[in-house]
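Undergrad: Handing over input_39.tsv, TSV, C-alpha atoms.
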```tsv
chain	number	residue	atom	x	y	z
M	147	MET	CA	6.58	-35.17	-33.47
M	148	ASN	CA	6.86	-31.46	-32.72
M	149	GLY	CA	6.61	-29.95	-29.29
M	150	PRO	CA	3.53	-28.46	-27.63
M	151	THR	CA	2.38	-24.85	-27.74
M	152	LEU	CA	3.92	-22.51	-25.19
M	153	VAL	CA	1.24	-20.30	-23.62
M	154	LEU	CA	2.57	-17.22	-21.81
M	155	GLY	CA	0.16	-16.00	-19.14
M	156	GLY	CA	-2.12	-17.84	-16.73
M	157	GLY	CA	-5.12	-15.51	-16.79
M	158	VAL	CA	-8.49	-16.54	-18.20
M	159	THR	CA	-7.25	-16.00	-21.77
M	160	GLY	CA	-4.18	-18.19	-21.41
M	161	MET	CA	-6.11	-20.90	-19.60
M	162	HIS	CA	-8.78	-20.92	-22.29
M	163	VAL	CA	-6.13	-21.15	-25.02
M	164	ALA	CA	-4.72	-24.25	-23.33
M	165	ILE	CA	-8.18	-25.81	-22.94
M	166	ALA	CA	-9.12	-25.10	-26.56
M	167	LEU	CA	-5.84	-26.64	-27.75
M	168	ALA	CA	-6.47	-29.73	-25.62
M	169	GLU	CA	-9.94	-30.12	-27.13
M	170	LEU	CA	-8.22	-30.23	-30.52
M	171	GLY	CA	-5.84	-32.88	-29.27
M	172	LEU	CA	-2.88	-30.51	-28.94
M	173	GLY	CA	-0.56	-30.25	-25.95
M	174	SER	CA	0.54	-27.05	-24.28
M	175	VAL	CA	2.89	-25.69	-21.63
M	176	LEU	CA	1.27	-22.82	-19.74
M	177	VAL	CA	3.75	-20.51	-18.00
M	178	GLU	CA	2.65	-18.01	-15.37
M	179	LYS	CA	5.12	-15.70	-13.60
M	180	SER	CA	3.06	-15.41	-10.39
M	181	SER	CA	2.20	-18.12	-7.89
M	182	GLN	CA	-1.45	-18.44	-8.90
M	183	LEU	CA	-3.69	-18.54	-11.96
M	184	GLY	CA	-6.56	-16.27	-12.98
M	185	GLY	CA	-4.85	-12.91	-13.43
M	186	LEU	CA	-6.99	-9.96	-12.35
M	187	VAL	CA	-10.34	-11.69	-12.82
M	188	PRO	CA	-10.57	-13.33	-9.35
M	189	ARG	CA	-10.69	-9.84	-7.78
M	190	LEU	CA	-13.90	-8.91	-9.62
M	191	SER	CA	-16.97	-8.56	-7.41
M	192	ARG	CA	-19.35	-9.21	-10.31
M	193	THR	CA	-19.13	-9.83	-14.01
M	194	PHE	CA	-21.32	-7.93	-16.48
M	195	PRO	CA	-23.52	-7.02	-18.31
M	196	PHE	CA	-25.92	-9.82	-17.36
M	197	PHE	CA	-26.52	-9.92	-13.61
M	198	ASP	CA	-27.73	-13.49	-13.34
M	199	ASP	CA	-27.58	-14.79	-9.78
M	200	ASP	CA	-27.24	-18.34	-11.11
M	201	GLY	CA	-24.29	-17.42	-13.31
M	202	PHE	CA	-20.67	-16.54	-12.62
M	203	ASN	CA	-21.10	-13.09	-11.12
M	204	ASP	CA	-18.08	-13.59	-8.87
M	205	GLY	CA	-14.78	-13.36	-10.74
M	206	ALA	CA	-13.08	-15.93	-8.51
M	207	GLU	CA	-15.78	-18.51	-9.26
M	208	PHE	CA	-15.54	-17.82	-12.97
M	209	ALA	CA	-11.75	-18.13	-13.07
M	210	GLY	CA	-11.91	-21.11	-10.74
M	211	GLN	CA	-14.16	-23.04	-13.09
M	212	ILE	CA	-11.75	-22.48	-15.99
M	213	GLU	CA	-8.81	-23.52	-13.83
M	214	ALA	CA	-10.59	-26.70	-12.74
M	215	GLU	CA	-11.43	-27.57	-16.34
M	216	MET	CA	-7.83	-27.01	-17.34
M	217	GLY	CA	-6.50	-29.05	-14.42
M	218	ALA	CA	-8.49	-32.06	-15.60
M	219	ARG	CA	-6.67	-32.11	-18.97
M	220	SER	CA	-3.53	-34.22	-19.15
M	221	GLU	CA	-2.47	-32.37	-22.31
M	222	ILE	CA	-1.69	-29.23	-20.29
M	223	ASP	CA	1.49	-28.70	-18.26
M	224	VAL	CA	1.18	-25.73	-15.88
M	225	ARG	CA	4.27	-24.01	-14.51
M	226	LEU	CA	3.81	-21.29	-11.91
M	227	GLY	CA	6.47	-18.83	-10.81
M	228	THR	CA	8.18	-19.16	-14.17
M	229	VAL	CA	9.30	-16.56	-16.72
M	230	LEU	CA	10.38	-16.96	-20.34
M	231	THR	CA	13.95	-15.69	-20.69
M	232	GLY	CA	14.96	-16.73	-24.21
M	233	VAL	CA	13.71	-18.12	-27.53
M	234	GLU	CA	15.80	-19.61	-30.32
M	235	GLY	CA	14.84	-21.28	-33.59
M	236	GLU	CA	11.86	-20.74	-35.84
M	237	PHE	CA	8.37	-22.15	-36.40
M	238	PRO	CA	7.55	-25.00	-35.93
M	239	GLU	CA	10.50	-25.72	-33.63
M	240	PHE	CA	11.34	-23.07	-31.06
M	241	ARG	CA	13.73	-23.67	-28.17
M	242	ALA	CA	12.34	-21.82	-25.13
M	243	THR	CA	14.47	-21.11	-22.06
M	244	PHE	CA	12.90	-20.29	-18.69
M	245	SER	CA	13.92	-18.57	-15.48
M	246	ASP	CA	14.62	-21.92	-13.78
M	247	LYS	CA	17.20	-22.65	-16.52
M	248	SER	CA	15.05	-25.40	-18.04
M	249	GLN	CA	14.44	-25.58	-21.79
M	250	GLU	CA	11.59	-26.88	-23.94
M	251	ILE	CA	11.09	-27.48	-27.64
M	252	VAL	CA	7.74	-25.91	-28.59
M	253	SER	CA	6.01	-25.68	-31.95
M	254	THR	CA	4.19	-22.37	-31.44
M	255	ILE	CA	3.96	-19.60	-28.84
M	256	VAL	CA	0.89	-17.69	-27.62
M	257	VAL	CA	1.30	-14.40	-25.74
M	258	ALA	CA	-1.63	-14.01	-23.34
M	259	THR	CA	-0.01	-11.80	-20.74
M	260	GLY	CA	-3.00	-9.51	-20.19
M	261	PHE	CA	-2.78	-5.87	-19.16
M	262	GLU	CA	-1.82	-3.56	-16.33
M	263	PRO	CA	-4.33	-1.04	-14.91
M	264	PHE	CA	-3.25	2.56	-15.44
M	265	ASN	CA	-1.67	4.18	-12.38
M	266	PRO	CA	-3.23	7.68	-12.00
M	267	TYR	CA	-0.63	8.92	-9.54
M	268	GLU	CA	0.94	11.10	-12.24
M	269	LEU	CA	-2.38	12.92	-12.82
M	270	GLU	CA	-2.06	15.27	-9.88
M	271	GLU	CA	-5.42	16.96	-10.43
M	272	TYR	CA	-7.23	13.92	-9.03
M	273	GLY	CA	-5.19	13.65	-5.85
M	274	TYR	CA	-4.65	9.91	-6.08
M	275	GLY	CA	-1.95	8.88	-3.64
M	276	ARG	CA	-2.50	12.03	-1.56
M	277	TYR	CA	-6.16	11.72	-0.67
M	278	PRO	CA	-7.00	8.31	0.83
M	279	ASN	CA	-10.63	8.53	-0.28
M	280	VAL	CA	-9.69	8.79	-3.95
M	281	VAL	CA	-9.32	5.22	-5.23
M	282	THR	CA	-8.99	3.52	-8.60
M	283	GLY	CA	-11.62	1.42	-10.35
M	284	PRO	CA	-9.78	-1.85	-9.56
M	285	GLU	CA	-9.49	-0.80	-5.91
M	286	LEU	CA	-13.21	-0.02	-5.77
M	287	GLU	CA	-13.89	-3.41	-7.32
M	288	TRP	CA	-11.96	-5.13	-4.53
M	289	LEU	CA	-13.82	-3.11	-1.89
M	290	LEU	CA	-17.11	-4.30	-3.41
M	291	ASN	CA	-15.94	-7.91	-3.47
M	292	PRO	CA	-17.33	-10.04	-0.60
M	293	ARG	CA	-13.85	-11.61	-0.44
M	294	GLY	CA	-12.27	-8.17	-0.03
M	295	PRO	CA	-11.17	-6.19	3.04
M	296	THR	CA	-14.67	-4.89	3.91
M	297	ARG	CA	-16.57	-8.05	2.88
M	298	GLY	CA	-18.32	-6.15	0.12
M	299	GLU	CA	-19.50	-3.19	2.18
M	300	LEU	CA	-18.45	0.11	0.65
M	301	ARG	CA	-16.54	1.91	3.38
M	302	ARG	CA	-13.98	4.57	2.69
M	303	PRO	CA	-10.34	3.95	3.47
M	304	SER	CA	-9.67	6.98	5.68
M	305	ASP	CA	-12.11	6.33	8.51
M	306	ASP	CA	-14.24	3.28	7.60
M	307	LYS	CA	-17.27	5.52	7.11
M	308	HIS	CA	-20.06	4.03	5.02
M	309	VAL	CA	-20.10	5.65	1.57
M	310	ASP	CA	-23.41	7.40	0.82
M	311	ARG	CA	-22.17	9.73	-1.93
M	312	LEU	CA	-19.94	8.22	-4.58
M	313	ALA	CA	-18.38	9.84	-7.65
M	314	LEU	CA	-16.97	7.85	-10.54
M	315	ILE	CA	-14.70	9.66	-13.00
M	316	PHE	CA	-14.44	7.98	-16.39
M	317	CYS	CA	-11.57	7.98	-18.90
M	318	VAL	CA	-8.73	8.33	-16.37
M	319	GLY	CA	-5.62	7.43	-18.31
M	320	SER	CA	-7.51	6.92	-21.57
M	321	ARG	CA	-8.40	9.32	-24.39
M	322	ASN	CA	-5.75	11.67	-23.05
M	323	ARG	CA	-3.18	12.87	-25.57
M	324	ARG	CA	-1.33	14.82	-22.90
M	325	ILE	CA	-0.04	11.60	-21.36
M	326	GLY	CA	0.33	9.75	-24.67
M	327	ALA	CA	-2.84	7.69	-24.34
M	328	PRO	CA	-5.25	8.86	-27.07
M	329	PHE	CA	-6.98	5.47	-27.28
M	330	CYS	CA	-10.21	4.32	-25.63
M	331	SER	CA	-9.81	1.44	-23.17
M	332	ARG	CA	-13.22	0.09	-24.24
M	333	ILE	CA	-14.37	-1.31	-20.90
M	334	CYS	CA	-14.19	1.65	-18.50
M	335	CYS	CA	-17.68	3.07	-19.11
M	336	SER	CA	-19.19	-0.38	-18.75
M	337	TYR	CA	-17.31	-1.63	-15.69
M	338	SER	CA	-17.94	1.69	-13.91
M	339	THR	CA	-21.65	1.48	-14.69
M	340	LYS	CA	-21.61	-2.07	-13.31
M	341	GLN	CA	-19.96	-0.79	-10.13
M	342	ALA	CA	-22.55	1.98	-9.79
M	343	LEU	CA	-25.37	-0.56	-10.13
M	344	THR	CA	-23.69	-2.83	-7.60
M	345	VAL	CA	-23.45	-0.03	-5.03
M	346	LEU	CA	-27.04	1.03	-5.62
M	347	GLY	CA	-28.27	-2.55	-5.37
M	348	ARG	CA	-26.71	-2.91	-1.92
M	349	HIS	CA	-27.46	0.63	-0.76
M	350	PRO	CA	-30.63	1.93	-2.51
M	351	THR	CA	-30.37	5.41	-0.94
M	352	ALA	CA	-26.83	6.02	-2.19
M	353	GLU	CA	-26.20	9.05	-4.41
M	354	ILE	CA	-23.98	8.06	-7.33
M	355	THR	CA	-22.64	10.49	-9.94
M	356	CYS	CA	-20.66	9.49	-13.03
M	357	PHE	CA	-18.53	12.04	-14.89
M	358	TYR	CA	-17.91	11.11	-18.52
M	359	MET	CA	-16.60	12.41	-21.83
M	360	ASP	CA	-18.75	10.17	-24.02
M	361	ILE	CA	-20.48	6.96	-23.00
M	362	ARG	CA	-19.12	4.08	-25.05
M	363	THR	CA	-20.92	0.80	-24.34
M	364	TYR	CA	-20.34	-1.16	-27.51
M	365	ASP	CA	-20.97	-4.86	-26.81
M	366	ARG	CA	-24.08	-6.97	-26.41
M	367	GLY	CA	-26.00	-6.02	-23.27
M	368	PHE	CA	-23.73	-3.11	-22.38
M	369	GLU	CA	-26.03	-0.36	-23.65
M	370	GLU	CA	-28.97	-2.00	-21.87
M	371	MET	CA	-26.96	-1.97	-18.64
M	372	TYR	CA	-26.28	1.76	-19.12
M	373	SER	CA	-30.00	2.42	-19.68
M	374	MET	CA	-30.81	0.44	-16.54
M	375	ALA	CA	-28.42	2.61	-14.53
M	376	GLN	CA	-30.11	5.80	-15.74
M	377	GLU	CA	-33.56	4.42	-15.02
M	378	ARG	CA	-32.52	3.59	-11.46
M	379	GLY	CA	-31.38	7.14	-10.76
M	380	ILE	CA	-27.63	7.03	-11.27
M	381	ARG	CA	-26.63	10.50	-12.44
M	382	TYR	CA	-24.38	11.02	-15.48
M	383	ILE	CA	-22.68	14.39	-16.03
M	384	ARG	CA	-20.92	15.00	-19.33
M	385	GLY	CA	-17.69	16.84	-18.69
M	386	ARG	CA	-14.02	16.38	-17.93
M	387	VAL	CA	-13.21	16.77	-14.23
M	388	SER	CA	-10.74	19.61	-13.65
M	389	GLY	CA	-9.76	18.59	-10.16
M	390	CYS	CA	-10.46	16.96	-6.80
M	391	LYS	CA	-9.78	18.55	-3.43
M	392	GLU	CA	-9.92	17.07	0.03
M	393	LEU	CA	-11.96	18.79	2.74
M	394	PRO	CA	-11.36	18.58	6.50
M	395	GLY	CA	-12.91	15.29	7.56
M	396	GLY	CA	-12.00	13.44	4.38
M	397	ASP	CA	-14.77	14.38	1.92
M	398	ILE	CA	-13.67	15.06	-1.64
M	399	VAL	CA	-14.89	18.03	-3.69
M	400	VAL	CA	-15.15	17.32	-7.41
M	401	ARG	CA	-15.15	20.23	-9.83
M	402	ALA	CA	-16.11	19.85	-13.48
M	403	GLU	CA	-17.85	21.58	-16.33
M	404	ASN	CA	-21.19	20.14	-17.35
M	405	THR	CA	-20.78	20.59	-21.09
M	406	LEU	CA	-24.41	19.75	-21.86
M	407	VAL	CA	-25.70	22.79	-19.98
M	408	GLN	CA	-22.41	24.74	-20.06
M	409	LYS	CA	-22.27	25.23	-16.31
M	410	ILE	CA	-19.61	24.56	-13.70
M	411	PHE	CA	-20.41	21.66	-11.39
M	412	SER	CA	-18.96	21.41	-7.90
M	413	SER	CA	-20.03	19.05	-5.14
M	414	SER	CA	-18.59	16.96	-2.31
M	415	PHE	CA	-18.56	13.17	-2.07
M	416	ASP	CA	-17.64	10.61	0.55
M	417	MET	CA	-15.39	8.85	-1.93
M	418	VAL	CA	-14.20	9.20	-5.54
M	419	SER	CA	-13.29	6.33	-7.84
M	420	LEU	CA	-11.09	6.89	-10.89
M	421	SER	CA	-12.12	4.62	-13.77
M	422	THR	CA	-8.64	3.75	-14.94
M	423	GLY	CA	-7.97	2.27	-18.35
M	424	MET	CA	-5.72	-0.49	-19.62
M	425	ARG	CA	-2.00	-0.46	-20.25
M	426	PRO	CA	0.26	-3.19	-21.65
M	427	CYS	CA	1.62	-5.66	-19.12
M	428	LYS	CA	4.73	-4.61	-17.20
M	429	ASP	CA	6.91	-7.10	-19.06
M	430	VAL	CA	5.86	-5.97	-22.53
M	431	GLU	CA	9.27	-4.58	-23.54
M	432	GLN	CA	11.17	-7.61	-22.31
M	433	LEU	CA	8.74	-10.00	-24.02
M	434	ALA	CA	8.91	-8.11	-27.30
M	435	ARG	CA	12.70	-8.30	-27.19
M	436	VAL	CA	12.86	-12.00	-26.24
M	437	LEU	CA	10.22	-13.04	-28.78
M	438	ARG	CA	11.40	-10.55	-31.44
M	439	ILE	CA	7.87	-9.33	-32.14
M	440	GLY	CA	6.67	-5.81	-32.85
M	441	ARG	CA	4.48	-3.38	-30.95
M	442	VAL	CA	2.11	-0.61	-31.99
M	443	PRO	CA	2.23	3.02	-30.74
M	444	ASP	CA	-0.10	2.34	-27.81
M	445	GLY	CA	2.41	-0.22	-26.50
M	446	PHE	CA	0.44	-3.40	-27.12
M	447	PHE	CA	1.72	-6.12	-29.43
M	448	ALA	CA	1.37	-5.54	-33.17
M	449	ASN	CA	-0.64	-7.55	-35.67
M	450	PRO	CA	0.31	-6.99	-39.33
M	451	ALA	CA	-2.59	-9.03	-40.80
M	452	TRP	CA	-5.48	-7.70	-38.77
M	453	PHE	CA	-8.26	-8.65	-41.19
M	454	HIS	CA	-6.92	-12.01	-42.39
M	455	HIS	CA	-5.28	-13.43	-39.26
M	456	PRO	CA	-6.12	-11.11	-36.36
M	457	HIS	CA	-4.05	-12.98	-33.77
M	458	ASP	CA	-0.77	-13.38	-35.67
M	459	SER	CA	2.17	-11.39	-34.37
M	460	THR	CA	4.98	-10.03	-36.55
M	461	ARG	CA	6.84	-13.36	-36.26
M	462	GLU	CA	5.60	-16.61	-37.75
M	463	GLY	CA	4.49	-19.09	-35.15
M	464	VAL	CA	4.02	-16.49	-32.41
M	465	PHE	CA	0.45	-15.40	-31.65
M	466	VAL	CA	-1.22	-12.84	-29.40
M	467	ALA	CA	-4.53	-13.22	-27.56
M	468	GLY	CA	-6.69	-11.30	-25.11
M	469	CYS	CA	-5.64	-7.94	-23.68
M	470	ALA	CA	-2.02	-8.47	-24.71
M	471	MET	CA	-3.12	-7.21	-28.12
M	472	GLY	CA	-5.31	-4.36	-26.86
M	473	ALA	CA	-8.07	-3.42	-24.45
M	474	LYS	CA	-11.14	-5.68	-24.49
M	475	PRO	CA	-13.70	-7.28	-22.13
M	476	ILE	CA	-13.50	-10.83	-20.75
M	477	ARG	CA	-15.87	-12.34	-23.29
M	478	ASN	CA	-13.69	-11.20	-26.18
M	479	CYS	CA	-10.64	-12.66	-24.45
M	480	ILE	CA	-12.36	-16.05	-24.28
M	481	VAL	CA	-13.23	-15.82	-27.97
M	482	ASP	CA	-9.57	-15.06	-28.68
M	483	GLY	CA	-8.58	-18.25	-26.91
M	484	SER	CA	-10.67	-20.43	-29.20
M	485	ALA	CA	-9.62	-18.50	-32.30
M	486	VAL	CA	-5.90	-18.81	-31.57
M	487	ALA	CA	-6.22	-22.54	-30.91
M	488	ALA	CA	-7.96	-23.04	-34.26
M	489	ARG	CA	-5.32	-20.97	-36.05
M	490	ILE	CA	-2.51	-23.05	-34.51
M	491	ALA	CA	-4.21	-26.33	-35.38
M	492	GLY	CA	-4.56	-25.20	-38.97
M	493	LEU	CA	-0.94	-24.14	-39.27
M	494	LEU	CA	0.38	-27.36	-37.76
M	495	ARG	CA	-1.71	-29.45	-40.12
M	496	ARG	CA	-0.46	-27.38	-43.03
M	497	GLU	CA	3.10	-28.04	-41.94
M	498	GLY	CA	2.36	-31.72	-41.45
M	499	ALA	CA	3.27	-31.36	-37.80
M	500	THR	CA	1.47	-32.54	-34.69
M	501	SER	CA	1.78	-30.91	-31.30
M	502	GLY	CA	2.69	-33.76	-29.01
M	503	PRO	CA	3.98	-34.35	-25.49
M	504	VAL	CA	6.20	-31.87	-23.72
M	505	ARG	CA	9.79	-32.49	-24.74
M	506	ASP	CA	12.86	-31.26	-22.92
M	507	ALA	CA	15.39	-29.78	-25.32
M	508	ASN	CA	18.15	-31.90	-23.80
M	509	GLN	CA	16.20	-35.11	-23.25
M	510	SER	CA	13.98	-37.50	-25.13
M	511	SER	CA	10.21	-37.06	-25.23
M	512	ARG	CA	8.43	-37.49	-21.93
M	513	PRO	CA	4.77	-37.47	-20.88
M	514	VAL	CA	3.12	-34.16	-20.06
M	515	ALA	CA	3.14	-33.42	-16.36
M	516	THR	CA	-0.16	-32.71	-14.63
M	517	ARG	CA	-0.76	-30.38	-11.72
```
Could you quickly redo this structure as structure tokens?
TA:
Amino acid sequence: MNGPTLVLGGGVTGMHVAIALAELGLGSVLVEKSSQLGGLVPRLSRTFPFFDDDGFNDGAEFAGQIEAEMGARSEIDVRLGTVLTGVEGEFPEFRATFSDKSQEIVSTIVVATGFEPFNPYELEEYGYGRYPNVVTGPELEWLLNPRGPTRGELRRPSDDKHVDRLALIFCVGSRNRRIGAPFCSRICCSYSTKQALTVLGRHPTAEITCFYMDIRTYDRGFEEMYSMAQERGIRYIRGRVSGCKELPGGDIVVRAENTLVQKIFSSSFDMVSLSTGMRPCKDVEQLARVLRIGRVPDGFFANPAWFHHPHDSTREGVFVAGCAMGAKPIRNCIVDGSAVAARIAGLLRREGATSGPVRDANQSSRPVATR
């Protein structure tokens, strides 16, 4: 009887991997370095693109449902405040060592460590970190969240003034070769459009302007959401913003070239949000070294068999799911969870192995602990 699957990361991807494995009768040990599950999703004010009031618009509710489902499965052992520090052996018998000095024998490993939002402080032209009314997309999301500091009312940080004029600048930290990020983060256009619709829905007289390079809304329902935003009067200006400047009183002047009409645009706003893209998790280098798996030029984990086995890493028995392998929306992360679980089940059956109870490397087999 081989050990369970080690799942690294307690966001929605990692939790779904554990649930999908349990549904296949396979045990797992889910390790999360922080003190709570859910990752960044619980901070979302609304999910998209379908704004169904009976659905899981609130990120905390969505993540909470997955956590509750996972907590009801005895096949899953959850360990919070824990970090993987070493891995020895090979598939299907790895010896994993953790920050609390404990060890486990595991059959396979899934990396579901998510992503880190880009920090735009280094892009001085936007004034982030100097102008309090220039915020990031994730910060705007938390301001719009009813659980957030302003209970969902959009008020600017400098003076608590209600925001009537909002600018959203797309592609901050993405599609920028100057900073070594030529890739598209895939979700920025869509989540920013969702934010614009959220603001307009709560404040119908608000003036919202989006500055973009190209609108990329590739998944089901995303293009329809973009069309809805245009129909409701949200303004889109095609052009890279050259700079932001603070005025006395806290307003922010945004200057850009409207490339569709070849004219310079300049106007003031109560607040500016920078639609920041995705970066690999902070621990990506350490994880790659401990797991001995490769990375691609954009920093995310590599996959050498993209078309045949899209979640395999460069080491047999180690898999990658969700945003650990590249930028993608929540729905795709959930799909990854099911796909990885199926791949693991197939490999274990091929090897004639079964993923059983959690087993301490220095002790005999013991039942899986529940939370």
Undergrad: Can you tell me how far atom CA of Arg441 of chain M sits from atom CA of Gly156 of chain M, in Å to one decimal?
TA: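 Calculated distance between atom CA of Arg441 of chain M and atom CA of Gly156 of chain M is 21.3 Å.
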Undergrad: Pick the closest to Val466 of chain M from M:Ser419, M:Thr193, M:Ser484, M:Thr259: which is it, counting only C-alpha atoms?
TA: M:Thr259
Undergrad: Just to confirm, what's the straight-line distance from atom CA of Asn279 of chain M to atom CA of Met371 of chain M in Å (one decimal)?
TA: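 Rounded to one decimal, the two atoms are 26.7 Å apart.
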Undergrad: At what distance in Å, to one decimal, does atom CA of Val481 of chain M lie from atom CA of Gly210 of chain M?
TA: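 Atom-to-atom, atom CA of Gly210 of chain M to atom CA of Val481 of chain M, that is 18.1 Å.
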Undergrad: Using only C-alpha atoms, find the one residue out of M:Gly472, M:Gly396, M:Pro350, M:Gly149 that sits nearest to Ile380 of chain M.
TA: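 With only C-alpha atoms as the atom set, the closest residue is M:Pro350.
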Undergrad: Show which residues sit within 10 Å of Thr151 of chain M, as a list of chain:residue names. Count only C-alpha atoms, and ignore same-chain residues fewer than 5 positions away.
TA: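 The residues that qualify are M:Val163, M:Ala164, M:Leu167, M:Leu172, M:Gly173, M:Ser174, M:Val175, M:Leu176, M:Ile222, M:Pro238, M:Phe240, M:Ile251, M:Val252, M:Ser253, M:Thr254, M:Ile255, M:Val256, M:Gly463, M:Val464, M:Ala487, M:Ile490, M:Ser501, M:Gly502, M:Pro503, M:Val504.
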Undergrad: Which residue out of M:Phe411, M:Phe237, M:Phe316, M:Trp452 has the minimum interatomic distance to Ser336 of chain M when only C-alpha atoms are used?
TA: M:Phe316
Undergrad: Closest to Gly298 of chain M among M:Arg323, M:Arg192, M:Arg401, M:Lys340, using only C-alpha atoms?
TA: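 Smallest distance to Gly298 of chain M is found for M:Arg192.
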Undergrad: Considering all atoms listed in the file, can you say which of M:Leu343, M:Ile333, M:Val436, M:Ala402 comes closest to Glu377 of chain M?
TA: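 Of M:Leu343, M:Ile333, M:Val436, M:Ala402, the one nearest Glu377 of chain M is M:Leu343, counting all atoms listed in the file.
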Undergrad: Counting only C-alpha atoms, which of M:Met374, M:Leu437, M:Val158, M:Ala327 gets nearest to Ala206 of chain M?
TA: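 Nearest to Ala206 of chain M: M:Val158.
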Undergrad: Which residues are close to Arg189 of chain M, i.e. within 8 Å by all atoms listed in the file, leaving aside same-chain residues fewer than 5 positions away? Reply as a ChimeraX atom specification.
TA: /M:205-206,287-288,291
Undergrad: Using all atoms listed in the file, determine which residues lie at most 12 Å from Gln376 of chain M, disregarding the query and same-chain residues fewer than 6 positions distant; provide the list as a VMD selection string.
TA: chain M and resid 339 to 340 342 to 343 346 354 to 356 369 to 370 382 to 383
Undergrad: Which neighbours of Gly184 of chain M fall inside 12 Å, counting only C-alpha atoms, when residues of the same chain fewer than 3 positions from it are skipped, and could you give them as number ranges by chain?
TA: M: 155-162, 178-181, 187-190, 205-214, 216, 226, 258-260, 476
